[in-house]
Every structure is written in structure tokens, then in C-alpha cells.
>>> print(open('work-v4.pdb').read())   # PDB, C-alpha atoms
ATOM      1  CA  MET A   1       0.000   0.000   0.000  1.00  0.00           C
ATOM      2  CA  THR A   2       1.426   3.320  -1.049  1.00  0.00           C
ATOM      3  CA  LEU A   3       1.767   6.281   1.301  1.00  0.00           C
ATOM      4  CA  GLN A   4      -1.337   8.089   0.070  1.00  0.00           C
ATOM      5  CA  TRP A   5      -3.561   5.040   0.487  1.00  0.00           C
ATOM      6  CA  THR A   6      -2.036   4.356   3.905  1.00  0.00           C
ATOM      7  CA  ALA A   7      -2.962   7.900   4.907  1.00  0.00           C
ATOM      8  CA  VAL A   8      -6.483   7.416   3.532  1.00  0.00           C
ATOM      9  CA  ALA A   9      -6.808   4.143   5.480  1.00  0.00           C
ATOM     10  CA  PHE A  10      -5.702   5.792   8.735  1.00  0.00           C
ATOM     11  CA  PHE A  11      -8.062   8.662   7.963  1.00  0.00           C
ATOM     12  CA  LEU A  12     -10.878   6.094   7.531  1.00  0.00           C
ATOM     13  CA  TYR A  13     -10.007   4.440  10.858  1.00  0.00           C
ATOM     14  CA  ALA A  14      -9.992   7.838  12.575  1.00  0.00           C
ATOM     15  CA  GLU A  15     -13.379   8.653  11.025  1.00  0.00           C
ATOM     16  CA  ILE A  16     -14.829   5.352  12.243  1.00  0.00           C
ATOM     17  CA  VAL A  17     -13.568   5.950  15.791  1.00  0.00           C
ATOM     18  CA  PHE A  18     -14.769   9.560  15.854  1.00  0.00           C
ATOM     19  CA  ASN A  19     -18.204   8.641  14.471  1.00  0.00           C
ATOM     20  CA  LEU A  20     -18.538   5.856  17.029  1.00  0.00           C
ATOM     21  CA  ILE A  21     -17.628   8.332  19.792  1.00  0.00           C
ATOM     22  CA  LEU A  22     -20.214  10.782  18.468  1.00  0.00           C
ATOM     23  CA  CYS A  23     -22.837   8.011  18.510  1.00  0.00           C
ATOM     24  CA  ILE A  24     -22.207   6.982  22.132  1.00  0.00           C
ATOM     25  CA  PRO A  25     -25.695   7.166  23.699  1.00  0.00           C
ATOM     26  CA  PHE A  26     -24.786   8.334  27.200  1.00  0.00           C
ATOM     27  CA  ILE A  27     -23.020  11.465  25.911  1.00  0.00           C
ATOM     28  CA  SER A  28     -25.850  13.924  25.372  1.00  0.00           C
ATOM     29  CA  ALA A  29     -26.081  16.471  22.593  1.00  0.00           C
ATOM     30  CA  HIS A  30     -25.829  19.225  25.193  1.00  0.00           C
ATOM     31  CA  ARG A  31     -22.396  17.959  26.293  1.00  0.00           C
ATOM     32  CA  TRP A  32     -21.213  17.774  22.697  1.00  0.00           C
ATOM     33  CA  HIS A  33     -22.488  21.303  22.201  1.00  0.00           C
ATOM     34  CA  LEU A  34     -20.409  22.427  25.179  1.00  0.00           C
ATOM     35  CA  VAL A  35     -17.379  20.640  23.711  1.00  0.00           C
ATOM     36  CA  PHE A  36     -17.927  22.316  20.344  1.00  0.00           C
ATOM     37  CA  LYS A  37     -18.064  25.680  22.136  1.00  0.00           C
ATOM     38  CA  TRP A  38     -14.464  25.371  23.338  1.00  0.00           C
ATOM     39  CA  ARG A  39     -12.153  28.200  22.369  1.00  0.00           C
ATOM     40  CA  ILE A  40      -9.988  25.962  20.202  1.00  0.00           C
ATOM     41  CA  TRP A  41     -12.918  25.236  17.888  1.00  0.00           C
ATOM     42  CA  SER A  42     -13.705  28.940  17.569  1.00  0.00           C
ATOM     43  CA  TRP A  43     -10.050  29.452  16.660  1.00  0.00           C
ATOM     44  CA  LEU A  44     -10.183  26.646  14.066  1.00  0.00           C
ATOM     45  CA  SER A  45     -13.613  27.562  12.688  1.00  0.00           C
ATOM     46  CA  PRO A  46     -12.283  29.944   9.954  1.00  0.00           C
ATOM     47  CA  TYR A  47     -10.150  27.062   8.588  1.00  0.00           C
ATOM     48  CA  TRP A  48     -12.663  24.270   9.152  1.00  0.00           C
ATOM     49  CA  ASN A  49     -14.773  24.826   6.041  1.00  0.00           C
ATOM     50  CA  LYS A  50     -11.683  25.137   3.868  1.00  0.00           C
ATOM     51  CA  PHE A  51     -10.239  21.934   5.325  1.00  0.00           C
ATOM     52  CA  PHE A  52     -13.590  20.162   4.919  1.00  0.00           C
ATOM     53  CA  PHE A  53     -13.952  21.001   1.240  1.00  0.00           C
ATOM     54  CA  ALA A  54     -10.256  20.351   0.613  1.00  0.00           C
ATOM     55  CA  MET A  55     -10.631  16.843   2.074  1.00  0.00           C
ATOM     56  CA  ILE A  56     -13.712  16.261  -0.069  1.00  0.00           C
ATOM     57  CA  MET A  57     -11.809  17.293  -3.201  1.00  0.00           C
ATOM     58  CA  ALA A  58      -8.826  15.111  -2.257  1.00  0.00           C
ATOM     59  CA  LEU A  59     -11.023  12.111  -1.531  1.00  0.00           C
ATOM     60  CA  VAL A  60     -12.989  12.631  -4.744  1.00  0.00           C
ATOM     61  CA  VAL A  61      -9.723  12.732  -6.740  1.00  0.00           C
ATOM     62  CA  LEU A  62      -8.481   9.570  -5.016  1.00  0.00           C
ATOM     63  CA  PHE A  63     -11.869   7.924  -5.539  1.00  0.00           C
ATOM     64  CA  CYS A  64     -11.779   8.719  -9.247  1.00  0.00           C
ATOM     65  CA  ASP A  65      -8.189   7.382  -9.373  1.00  0.00           C
ATOM     66  CA  ALA A  66      -9.316   4.171  -7.658  1.00  0.00           C
ATOM     67  CA  ILE A  67     -12.173   3.801 -10.154  1.00  0.00           C
ATOM     68  CA  ARG A  68      -9.692   4.267 -12.997  1.00  0.00           C
ATOM     69  CA  ASP A  69      -7.427   1.572 -11.533  1.00  0.00           C
ATOM     70  CA  VAL A  70     -10.336  -0.824 -11.126  1.00  0.00           C
ATOM     71  CA  GLN A  71     -11.407  -0.271 -14.717  1.00  0.00           C
ATOM     72  CA  LYS A  72      -7.800  -0.581 -15.831  1.00  0.00           C
ATOM     73  CA  TYR A  73      -7.218  -3.991 -14.245  1.00  0.00           C
ATOM     74  CA  SER A  74     -10.697  -5.379 -14.822  1.00  0.00           C
ATOM     75  CA  GLY A  75     -10.744  -4.674 -18.552  1.00  0.00           C
ATOM     76  CA  PRO A  76     -10.504  -7.389 -21.217  1.00  0.00           C
ATOM     77  CA  GLU A  77      -6.915  -6.614 -22.262  1.00  0.00           C
ATOM     78  CA  PRO A  78      -5.215  -7.209 -18.834  1.00  0.00           C
ATOM     79  CA  VAL A  79      -7.274 -10.390 -18.372  1.00  0.00           C
ATOM     80  CA  HIS A  80      -6.350 -11.628 -21.854  1.00  0.00           C
ATOM     81  CA  ASP A  81      -2.668 -10.910 -21.227  1.00  0.00           C
ATOM     82  CA  ALA A  82      -2.852 -12.553 -17.789  1.00  0.00           C
ATOM     83  CA  GLN A  83      -4.199 -15.789 -19.235  1.00  0.00           C
ATOM     84  CA  ALA A  84      -0.932 -16.247 -21.122  1.00  0.00           C
ATOM     85  CA  SER A  85       1.128 -16.483 -17.922  1.00  0.00           C
ATOM     86  CA  PRO A  86       0.009 -17.700 -14.460  1.00  0.00           C
ATOM     87  CA  ASN A  87       2.374 -15.309 -12.688  1.00  0.00           C
ATOM     88  CA  LEU A  88       1.035 -12.383 -14.684  1.00  0.00           C
ATOM     89  CA  TYR A  89      -2.517 -13.550 -13.910  1.00  0.00           C
ATOM     90  CA  ASP A  90      -1.821 -13.472 -10.164  1.00  0.00           C
ATOM     91  CA  HIS A  91      -0.166 -10.053 -10.523  1.00  0.00           C
ATOM     92  CA  VAL A  92      -3.161  -8.599 -12.386  1.00  0.00           C
ATOM     93  CA  HIS A  93      -5.603  -9.972  -9.839  1.00  0.00           C
ATOM     94  CA  MET A  94      -3.460  -8.575  -7.022  1.00  0.00           C
ATOM     95  CA  LYS A  95      -3.499  -5.165  -8.704  1.00  0.00           C
ATOM     96  CA  LEU A  96      -7.286  -5.452  -9.178  1.00  0.00           C
ATOM     97  CA  PHE A  97      -7.728  -6.434  -5.528  1.00  0.00           C
ATOM     98  CA  ARG A  98      -5.654  -3.431  -4.390  1.00  0.00           C
ATOM     99  CA  ALA A  99      -7.570  -1.099  -6.699  1.00  0.00           C
ATOM    100  CA  GLN A 100     -10.909  -2.369  -5.369  1.00  0.00           C
ATOM    101  CA  ARG A 101      -9.606  -2.109  -1.805  1.00  0.00           C
ATOM    102  CA  ASN A 102      -8.511   1.466  -2.436  1.00  0.00           C
ATOM    103  CA  LEU A 103     -11.879   2.201  -4.014  1.00  0.00           C
ATOM    104  CA  TYR A 104     -13.736   0.929  -0.947  1.00  0.00           C
ATOM    105  CA  ILE A 105     -11.397   2.724   1.466  1.00  0.00           C
ATOM    106  CA  CYS A 106     -11.703   6.007  -0.392  1.00  0.00           C
ATOM    107  CA  GLY A 107     -15.464   5.647  -0.870  1.00  0.00           C
ATOM    108  CA  PHE A 108     -16.118   4.866   2.786  1.00  0.00           C
ATOM    109  CA  SER A 109     -13.767   7.680   3.843  1.00  0.00           C
ATOM    110  CA  LEU A 110     -15.698  10.154   1.701  1.00  0.00           C
ATOM    111  CA  PHE A 111     -19.028   8.799   2.965  1.00  0.00           C
ATOM    112  CA  LEU A 112     -18.007   8.880   6.650  1.00  0.00           C
ATOM    113  CA  TRP A 113     -16.518  12.367   6.197  1.00  0.00           C
ATOM    114  CA  LEU A 114     -19.906  13.658   5.034  1.00  0.00           C
ATOM    115  CA  VAL A 115     -21.709  11.649   7.729  1.00  0.00           C
ATOM    116  CA  MET A 116     -19.417  13.053  10.434  1.00  0.00           C
ATOM    117  CA  ARG A 117     -20.108  16.621   9.280  1.00  0.00           C
ATOM    118  CA  ARG A 118     -23.843  15.901   9.293  1.00  0.00           C
ATOM    119  CA  ILE A 119     -23.708  14.300  12.754  1.00  0.00           C
ATOM    120  CA  VAL A 120     -21.860  17.298  14.217  1.00  0.00           C
ATOM    121  CA  THR A 121     -24.393  19.670  12.630  1.00  0.00           C
ATOM    122  CA  LEU A 122     -27.318  17.629  13.945  1.00  0.00           C
ATOM    123  CA  LEU A 123     -25.830  17.481  17.440  1.00  0.00           C
ATOM    124  CA  ASN A 124     -25.453  21.254  17.494  1.00  0.00           C
ATOM    125  CA  GLN A 125     -28.989  21.723  16.188  1.00  0.00           C
ATOM    126  CA  ILE A 126     -30.380  19.264  18.750  1.00  0.00           C
ATOM    127  CA  ALA A 127     -28.511  21.023  21.576  1.00  0.00           C
ATOM    128  CA  GLU A 128     -29.762  24.438  20.447  1.00  0.00           C
ATOM    129  CA  THR A 129     -33.270  23.026  20.097  1.00  0.00           C
ATOM    130  CA  LEU A 130     -33.070  21.618  23.616  1.00  0.00           C
ATOM    131  CA  VAL A 131     -31.887  24.969  24.946  1.00  0.00           C
ATOM    132  CA  ASN A 132     -34.670  26.779  23.104  1.00  0.00           C
ATOM    133  CA  THR A 133     -37.159  24.177  24.295  1.00  0.00           C
ATOM    134  CA  ALA A 134     -35.986  24.628  27.865  1.00  0.00           C
ATOM    135  CA  GLY A 135     -36.348  28.404  27.486  1.00  0.00           C
ATOM    136  CA  LEU A 136     -39.797  28.012  25.967  1.00  0.00           C
ATOM    137  CA  GLN A 137     -40.740  25.579  28.721  1.00  0.00           C
ATOM    138  CA  ALA A 138     -39.581  28.082  31.329  1.00  0.00           C
ATOM    139  CA  GLN A 139     -41.576  30.816  29.576  1.00  0.00           C
ATOM    140  CA  MET A 140     -44.605  28.524  29.453  1.00  0.00           C
ATOM    141  CA  ASP A 141     -44.217  27.737  33.145  1.00  0.00           C
ATOM    142  CA  ASN A 142     -43.921  31.445  33.960  1.00  0.00           C
ATOM    143  CA  ALA A 143     -46.921  32.216  31.759  1.00  0.00           C
ATOM    144  CA  PHE A 144     -48.878  29.408  33.394  1.00  0.00           C
ATOM    145  CA  LYS A 145     -47.962  30.668  36.861  1.00  0.00           C
ATOM    146  CA  THR A 146     -48.851  34.212  35.825  1.00  0.00           C
ATOM    147  CA  ALA A 147     -52.171  32.990  34.433  1.00  0.00           C
ATOM    148  CA  GLU A 148     -52.873  31.101  37.665  1.00  0.00           C
ATOM    149  CA  ARG A 149     -51.976  34.186  39.692  1.00  0.00           C
ATOM    150  CA  HIS A 150     -54.228  36.360  37.525  1.00  0.00           C
ATOM    151  CA  GLN A 151     -56.974  33.781  37.838  1.00  0.00           C
ATOM    152  CA  GLU A 152     -56.598  33.791  41.616  1.00  0.00           C
ATOM    153  CA  ASP A 153     -56.621  37.603  41.604  1.00  0.00           C
ATOM    154  CA  ASN A 154     -59.743  37.591  39.429  1.00  0.00           C
ATOM    155  CA  GLN A 155     -61.372  35.124  41.773  1.00  0.00           C
ATOM    156  CA  ILE A 156     -60.462  37.305  44.743  1.00  0.00           C
ATOM    157  CA  LEU A 157     -61.843  40.362  42.924  1.00  0.00           C
ATOM    158  CA  LYS A 158     -65.029  38.504  42.050  1.00  0.00           C
ATOM    159  CA  THR A 159     -65.417  37.424  45.673  1.00  0.00           C
ATOM    160  CA  ALA A 160     -64.754  40.981  46.869  1.00  0.00           C
ATOM    161  CA  LEU A 161     -67.245  42.388  44.345  1.00  0.00           C
ATOM    162  CA  LEU A 162     -69.824  39.814  45.355  1.00  0.00           C
ATOM    163  CA  GLU A 163     -69.317  40.611  49.004  1.00  0.00           C
ATOM    164  CA  ARG A 164     -69.494  44.316  48.204  1.00  0.00           C
ATOM    165  CA  GLU A 165     -72.702  43.801  46.231  1.00  0.00           C
ATOM    166  CA  GLN A 166     -74.168  41.810  49.083  1.00  0.00           C
ATOM    167  CA  SER A 167     -73.055  44.484  51.553  1.00  0.00           C
ATOM    168  CA  THR A 168     -74.493  47.206  49.295  1.00  0.00           C
ATOM    169  CA  LEU A 169     -77.733  45.281  48.949  1.00  0.00           C
ATOM    170  CA  LYS A 170     -77.903  44.814  52.696  1.00  0.00           C
ATOM    171  CA  THR A 171     -77.144  48.504  53.234  1.00  0.00           C
ATOM    172  CA  ASN A 172     -79.794  49.458  50.692  1.00  0.00           C
ATOM    173  CA  ASN A 173     -82.309  47.262  52.452  1.00  0.00           C
ATOM    174  CA  GLN A 174     -81.400  48.845  55.778  1.00  0.00           C
ATOM    175  CA  LEU A 175     -81.679  52.310  54.214  1.00  0.00           C
ATOM    176  CA  LYS A 176     -85.075  51.405  52.762  1.00  0.00           C
ATOM    177  CA  LEU A 177     -86.207  50.232  56.186  1.00  0.00           C
ATOM    178  CA  GLU A 178     -84.873  53.419  57.775  1.00  0.00           C
ATOM    179  CA  ILE A 179     -86.607  55.518  55.100  1.00  0.00           C
ATOM    180  CA  GLU A 180     -89.886  53.669  55.634  1.00  0.00           C
ATOM    181  CA  LYS A 181     -89.470  54.089  59.375  1.00  0.00           C
ATOM    182  CA  LEU A 182     -88.718  57.789  58.973  1.00  0.00           C
ATOM    183  CA  GLN A 183     -91.650  58.163  56.600  1.00  0.00           C
ATOM    184  CA  SER A 184     -93.960  56.495  59.122  1.00  0.00           C
ATOM    185  CA  GLN A 185     -92.529  58.696  61.880  1.00  0.00           C
ATOM    186  CA  LEU A 186     -92.973  61.727  59.638  1.00  0.00           C
ATOM    187  CA  LYS A 187     -96.539  60.723  58.958  1.00  0.00           C
ATOM    188  CA  VAL A 188     -97.186  60.298  62.686  1.00  0.00           C
ATOM    189  CA  ALA A 189     -95.534  63.664  63.344  1.00  0.00           C
ATOM    190  CA  GLU A 190     -97.647  65.292  60.628  1.00  0.00           C
ATOM    191  CA  GLU A 191    -100.783  63.792  62.175  1.00  0.00           C
ATOM    192  CA  ALA A 192     -99.649  65.030  65.595  1.00  0.00           C
ATOM    193  CA  VAL A 193     -98.982  68.474  64.145  1.00  0.00           C
ATOM    194  CA  GLY A 194    -102.448  68.424  62.546  1.00  0.00           C
ATOM    195  CA  ARG A 195    -104.045  67.505  65.816  1.00  0.00           C
ATOM    196  CA  SER A 196    -102.018  70.194  67.573  1.00  0.00           C
ATOM    197  CA  ASP A 197    -103.147  72.754  64.975  1.00  0.00           C
ATOM    198  CA  ALA A 198    -106.748  71.670  65.487  1.00  0.00           C
ATOM    199  CA  GLU A 199    -106.378  71.951  69.234  1.00  0.00           C
ATOM    200  CA  VAL A 200    -104.779  75.385  68.825  1.00  0.00           C
ATOM    201  CA  GLU A 201    -107.680  76.519  66.630  1.00  0.00           C
ATOM    202  CA  ALA A 202    -110.119  75.134  69.131  1.00  0.00           C
ATOM    203  CA  MET A 203    -108.321  76.908  71.952  1.00  0.00           C
ATOM    204  CA  LYS A 204    -108.283  80.123  69.900  1.00  0.00           C
ATOM    205  CA  LYS A 205    -112.031  79.824  69.342  1.00  0.00           C
ATOM    206  CA  GLN A 206    -112.563  79.041  73.008  1.00  0.00           C
ATOM    207  CA  ALA A 207    -110.384  81.997  74.015  1.00  0.00           C
ATOM    208  CA  LYS A 208    -112.308  84.235  71.648  1.00  0.00           C
ATOM    209  CA  GLY A 209    -115.606  83.018  73.098  1.00  0.00           C
ATOM    210  CA  LEU A 210    -114.303  83.598  76.606  1.00  0.00           C
ATOM    211  CA  ALA A 211    -113.207  87.098  75.612  1.00  0.00           C
ATOM    212  CA  HIS A 212    -116.702  87.874  74.297  1.00  0.00           C
ATOM    213  CA  GLU A 213    -118.269  86.466  77.431  1.00  0.00           C
ATOM    214  CA  TYR A 214    -115.860  88.466  79.555  1.00  0.00           C
ATOM    215  CA  ASP A 215    -116.723  91.649  77.686  1.00  0.00           C
ATOM    216  CA  ARG A 216    -120.428  90.953  78.088  1.00  0.00           C
ATOM    217  CA  LEU A 217    -120.068  90.276  81.785  1.00  0.00           C
ATOM    218  CA  LEU A 218    -117.926  93.379  82.194  1.00  0.00           C
ATOM    219  CA  THR A 219    -120.568  95.467  80.425  1.00  0.00           C
ATOM    220  CA  GLU A 220    -123.317  94.069  82.618  1.00  0.00           C
ATOM    221  CA  HIS A 221    -121.128  94.708  85.653  1.00  0.00           C
ATOM    222  CA  HIS A 222    -120.760  98.348  84.696  1.00  0.00           C
ATOM    223  CA  LEU A 223    -124.466  98.607  84.082  1.00  0.00           C
ATOM    224  CA  LEU A 224    -125.218  97.146  87.483  1.00  0.00           C
ATOM    225  CA  GLN A 225    -122.747  99.494  89.131  1.00  0.00           C
ATOM    226  CA  ASN A 226    -124.343 102.434  87.399  1.00  0.00           C
ATOM    227  CA  LEU A 227    -127.852 101.349  88.462  1.00  0.00           C
ATOM    228  CA  GLN A 228    -126.708 100.867  92.007  1.00  0.00           C
ATOM    229  CA  SER A 229    -125.078 104.284  92.049  1.00  0.00           C
ATOM    230  CA  ALA A 230    -128.271 105.827  90.719  1.00  0.00           C
ATOM    231  CA  GLU A 231    -130.399 104.132  93.409  1.00  0.00           C
ATOM    232  CA  ASP A 232    -127.958 105.242  96.122  1.00  0.00           C
ATOM    233  CA  LYS A 233    -128.300 108.839  94.990  1.00  0.00           C
ATOM    234  CA  LYS A 234    -132.123 108.623  95.073  1.00  0.00           C
ATOM    235  CA  ASP A 235    -132.109 107.323  98.610  1.00  0.00           C
ATOM    236  CA  GLN A 236    -130.069 110.238  99.793  1.00  0.00           C
TER     237      GLN A 236
END
>>> encode(input="work-v4.pdb", output="C-alpha cells")
Amino acid sequence: MTLQWTAVAFFLYAEIVFNLILCIPFISAHRWHLVFKWRIWSWLSPYWNKFFFAMIMALVVLFCDAIRDVQKYSGPEPVHDAQASPNLYDHVHMKLFRAQRNLYICGFSLFLWLVMRRIVTLLNQIAETLVNTAGLQAQMDNAFKTAERHQEDNQILKTALLEREQSTLKTNNQLKLEIEKLQSQLKVAEEAVGRSDAEVEAMKKQAKGLAHEYDRLLTEHHLLQNLQSAEDKKDQ
């Protein structure tokens, strides 16, 4: 195996190990998100996309080269030449085996490279979604608590309004009773005042009659005094 295919093979092994580590179930997406937030990744992020696309181009070139080798050693001419000599036949099949091996190594490396990029992206998206979900859940809990508090406040206000209405109704009933009582007392007072006025009128009439009778008696008294004085003068 040449140096380039040895490097591709080690790159494939590293991709397999890294993808298996990323797929470990007890390491949550949130922890991976924290790992991807390390300062070293922010320092490497400007070069990451360039390195990613450069590796894709290199793997595509090697994949095309492996396809060319497979077609080269699986064509009719190498097989026809190999049939003439057993040693040449084994050599051609060995070259074909190596070309197919390189094709598989390069193909799986390219596939796992894309899968690894997709897994990292999905882990970050899942972690951000979990964070957003936690924030939304906290907002929902706060909104639910606020709604419950407002509902309790509304219930308290309704109870207070009901009690106030009942108190107002009771007060109104008491005021109505007081007004009816005052009206009855006013009616009794008016009747008493009417009776008093009637008694006053009667007393005025009686006083007037007594005054007339007094004047009459006083006149008769004067007349009698005058008659008596006249008789006394005659006797003398």
C-alpha cells in the first residue's frame, strides 16, 4: 500500500472511531455542544470549512483514481494478457484487488466524512433546540404561573365584588327600612302636628268666646254698678 492510500486508510479508521464516539448514547447532545463551544474550535472555525472542502476534493480525486485503476485492471486486455502467464494472472488480480480495496477505502472515507459533518451539525442543532425548548418551557411555566396568579386575583376580585354587592344590597335594604321608618314617623308627626293645629284653633275659638263672654259680663257689671249708684243717689 502506497503512502497516500495508507494515509487514507488511517483517515478512515480515525473517522470510524470519531463517528462511534459521536454516537455513544450516554453522551448527550448538550455535552457535545459544550465541547464544540471550546475556544480551540472557535479558533479553528475559519479554517474548518476550507479543510472540509479540501478533504472532499482530495477524496474525490483519489476515488476517481481508484475507479480508474479498477477499470484498468478489470478490462478485457489485462485479463487476456494474464491468461498467457500464471504469474502475470496473479499479478493482475493482485493489482485489481488493491484497486478495489482502495476504491472501498476512499469511498467509505468520503461517505463517513460527510456523515461526520452531518452528525456534528445535527448534534449542534439538537442542543440548540433543547436549549430553546428549555427556554420556551420556562416561559410557558412562567406564563402558566402568571395565568394562575391572575386567575386567583380575578377570583379574589369577584369574591370581593360579590361581598361588596351583598353588603351594598344589605345597606340598601337597611336604608329602605330606615326611610320607611322615617316616613312612618314623619306621617305620625304630621298627624300630631295636625291635631295640635286643630287643638290650637279650638283653643283660639274658646279663648275668643271667653273674651266675648268676659266683655259681656264686664258690660253688665258696669251697668249694674251704674244702676246701684243711681239708686244710692235717690235714697239720699
>>> resolve_selection(input="work-v4.pdb", expression="the PyMOL selection byres ((chain A and resi 8) around 9)", output="list in words")
Leu3, Gln4, Trp5, Thr6, Ala7, Ala9, Phe10, Phe11, Leu12, Tyr13, Leu59, Asn102, Ile105, Cys106 and Ser109 of chain A
>>> resolve_selection(input="work-v4.pdb", expression="the PyMOL selection byres ((chain A and resi 124) around 9)", output="PyMOL selection string")
chain A and resi 29-30+32-33+36+119-123+125-129
>>> closest_atom_pairs(input="work-v4.pdb", of="region 75-194 of chain A", to="region 199-218 of chain A", cutoff="12 Å", atoms="all atoms listed in the file", output="CSV")
residue,atom,partner,partner_atom,distance
A:Ala192,CA,A:Glu199,CA,10.3
A:Val193,CA,A:Glu199,CA,9.6
A:Gly194,CA,A:Glu199,CA,8.5
>>> atom_distance(input="work-v4.pdb", atom1="CA of Leu136 (chain A)", atom2="CA of Lys37 (chain A)")
22.2 Å
>>> atom_distance(input="work-v4.pdb", atom1="CA of His93 (chain A)", atom2="CA of Tyr73 (chain A)")
7.6 Å
>>> closest_residue(input="work-v4.pdb", among="A:Leu224, A:Leu20, A:Ala230, A:Met55", to="Leu114 (chain A)", atoms="only C-alpha atoms")
A:Met55
>>> atom_distance(input="work-v4.pdb", atom1="CA of Ala14 (chain A)", atom2="CA of Ala58 (chain A)")
16.6 Å
>>> closest_residue(input="work-v4.pdb", among="A:Thr168, A:Gln151, A:Gln100, A:Asn49", to="Arg68 (chain A)", atoms="all atoms listed in the file")
A:Gln100
>>> closest_residue(input="work-v4.pdb", among="A:Leu112, A:Ala138, A:Leu103, A:Leu34", to="Ile56 (chain A)", atoms="only C-alpha atoms")
A:Leu112
>>> decode(input="work-v4.pdb", residues="region 213-226 of chain A", atoms="N, CA, C and O atoms", output="PDB file, in the first residue's frame")
ATOM      1  N   GLU A 213    -117.478  86.630  76.188  1.00  0.00           N
ATOM      2  CA  GLU A 213    -118.269  86.466  77.431  1.00  0.00           C
ATOM      3  C   GLU A 213    -117.762  87.397  78.516  1.00  0.00           C
ATOM      4  O   GLU A 213    -118.551  87.982  79.299  1.00  0.00           O
ATOM      5  N   TYR A 214    -116.421  87.548  78.570  1.00  0.00           N
ATOM      6  CA  TYR A 214    -115.860  88.466  79.555  1.00  0.00           C
ATOM      7  C   TYR A 214    -116.290  89.889  79.282  1.00  0.00           C
ATOM      8  O   TYR A 214    -116.646  90.642  80.214  1.00  0.00           O
ATOM      9  N   ASP A 215    -116.286  90.293  78.018  1.00  0.00           N
ATOM     10  CA  ASP A 215    -116.723  91.649  77.686  1.00  0.00           C
ATOM     11  C   ASP A 215    -118.208  91.851  78.047  1.00  0.00           C
ATOM     12  O   ASP A 215    -118.591  92.917  78.556  1.00  0.00           O
ATOM     13  N   ARG A 216    -119.000  90.837  77.754  1.00  0.00           N
ATOM     14  CA  ARG A 216    -120.428  90.953  78.088  1.00  0.00           C
ATOM     15  C   ARG A 216    -120.628  91.075  79.592  1.00  0.00           C
ATOM     16  O   ARG A 216    -121.402  91.916  80.085  1.00  0.00           O
ATOM     17  N   LEU A 217    -119.927  90.206  80.320  1.00  0.00           N
ATOM     18  CA  LEU A 217    -120.068  90.276  81.785  1.00  0.00           C
ATOM     19  C   LEU A 217    -119.533  91.605  82.325  1.00  0.00           C
ATOM     20  O   LEU A 217    -120.089  92.184  83.270  1.00  0.00           O
ATOM     21  N   LEU A 218    -118.460  92.098  81.727  1.00  0.00           N
ATOM     22  CA  LEU A 218    -117.926  93.379  82.194  1.00  0.00           C
ATOM     23  C   LEU A 218    -118.907  94.523  81.913  1.00  0.00           C
ATOM     24  O   LEU A 218    -119.107  95.421  82.757  1.00  0.00           O
ATOM     25  N   THR A 219    -119.559  94.431  80.770  1.00  0.00           N
ATOM     26  CA  THR A 219    -120.568  95.467  80.425  1.00  0.00           C
ATOM     27  C   THR A 219    -121.733  95.406  81.403  1.00  0.00           C
ATOM     28  O   THR A 219    -122.207  96.443  81.892  1.00  0.00           O
ATOM     29  N   GLU A 220    -122.213  94.221  81.661  1.00  0.00           N
ATOM     30  CA  GLU A 220    -123.317  94.069  82.618  1.00  0.00           C
ATOM     31  C   GLU A 220    -122.897  94.534  84.002  1.00  0.00           C
ATOM     32  O   GLU A 220    -123.683  95.148  84.749  1.00  0.00           O
ATOM     33  N   HIS A 221    -121.615  94.262  84.350  1.00  0.00           N
ATOM     34  CA  HIS A 221    -121.128  94.708  85.653  1.00  0.00           C
ATOM     35  C   HIS A 221    -121.136  96.234  85.737  1.00  0.00           C
ATOM     36  O   HIS A 221    -121.528  96.817  86.772  1.00  0.00           O
ATOM     37  N   HIS A 222    -120.712  96.887  84.702  1.00  0.00           N
ATOM     38  CA  HIS A 222    -120.760  98.348  84.696  1.00  0.00           C
ATOM     39  C   HIS A 222    -122.189  98.867  84.779  1.00  0.00           C
ATOM     40  O   HIS A 222    -122.468  99.860  85.476  1.00  0.00           O
ATOM     41  N   LEU A 223    -123.055  98.198  84.027  1.00  0.00           N
ATOM     42  CA  LEU A 223    -124.466  98.607  84.082  1.00  0.00           C
ATOM     43  C   LEU A 223    -125.036  98.470  85.500  1.00  0.00           C
ATOM     44  O   LEU A 223    -125.754  99.347  85.998  1.00  0.00           O
ATOM     45  N   LEU A 224    -124.733  97.353  86.113  1.00  0.00           N
ATOM     46  CA  LEU A 224    -125.218  97.146  87.483  1.00  0.00           C
ATOM     47  C   LEU A 224    -124.614  98.172  88.438  1.00  0.00           C
ATOM     48  O   LEU A 224    -125.313  98.684  89.347  1.00  0.00           O
ATOM     49  N   GLN A 225    -123.356  98.492  88.266  1.00  0.00           N
ATOM     50  CA  GLN A 225    -122.747  99.494  89.131  1.00  0.00           C
ATOM     51  C   GLN A 225    -123.411 100.856  88.919  1.00  0.00           C
ATOM     52  O   GLN A 225    -123.673 101.603  89.880  1.00  0.00           O
ATOM     53  N   ASN A 226    -123.680 101.158  87.681  1.00  0.00           N
ATOM     54  CA  ASN A 226    -124.343 102.434  87.399  1.00  0.00           C
ATOM     55  C   ASN A 226    -125.750 102.479  88.004  1.00  0.00           C
ATOM     56  O   ASN A 226    -126.186 103.502  88.573  1.00  0.00           O
TER      57      ASN A 226
END
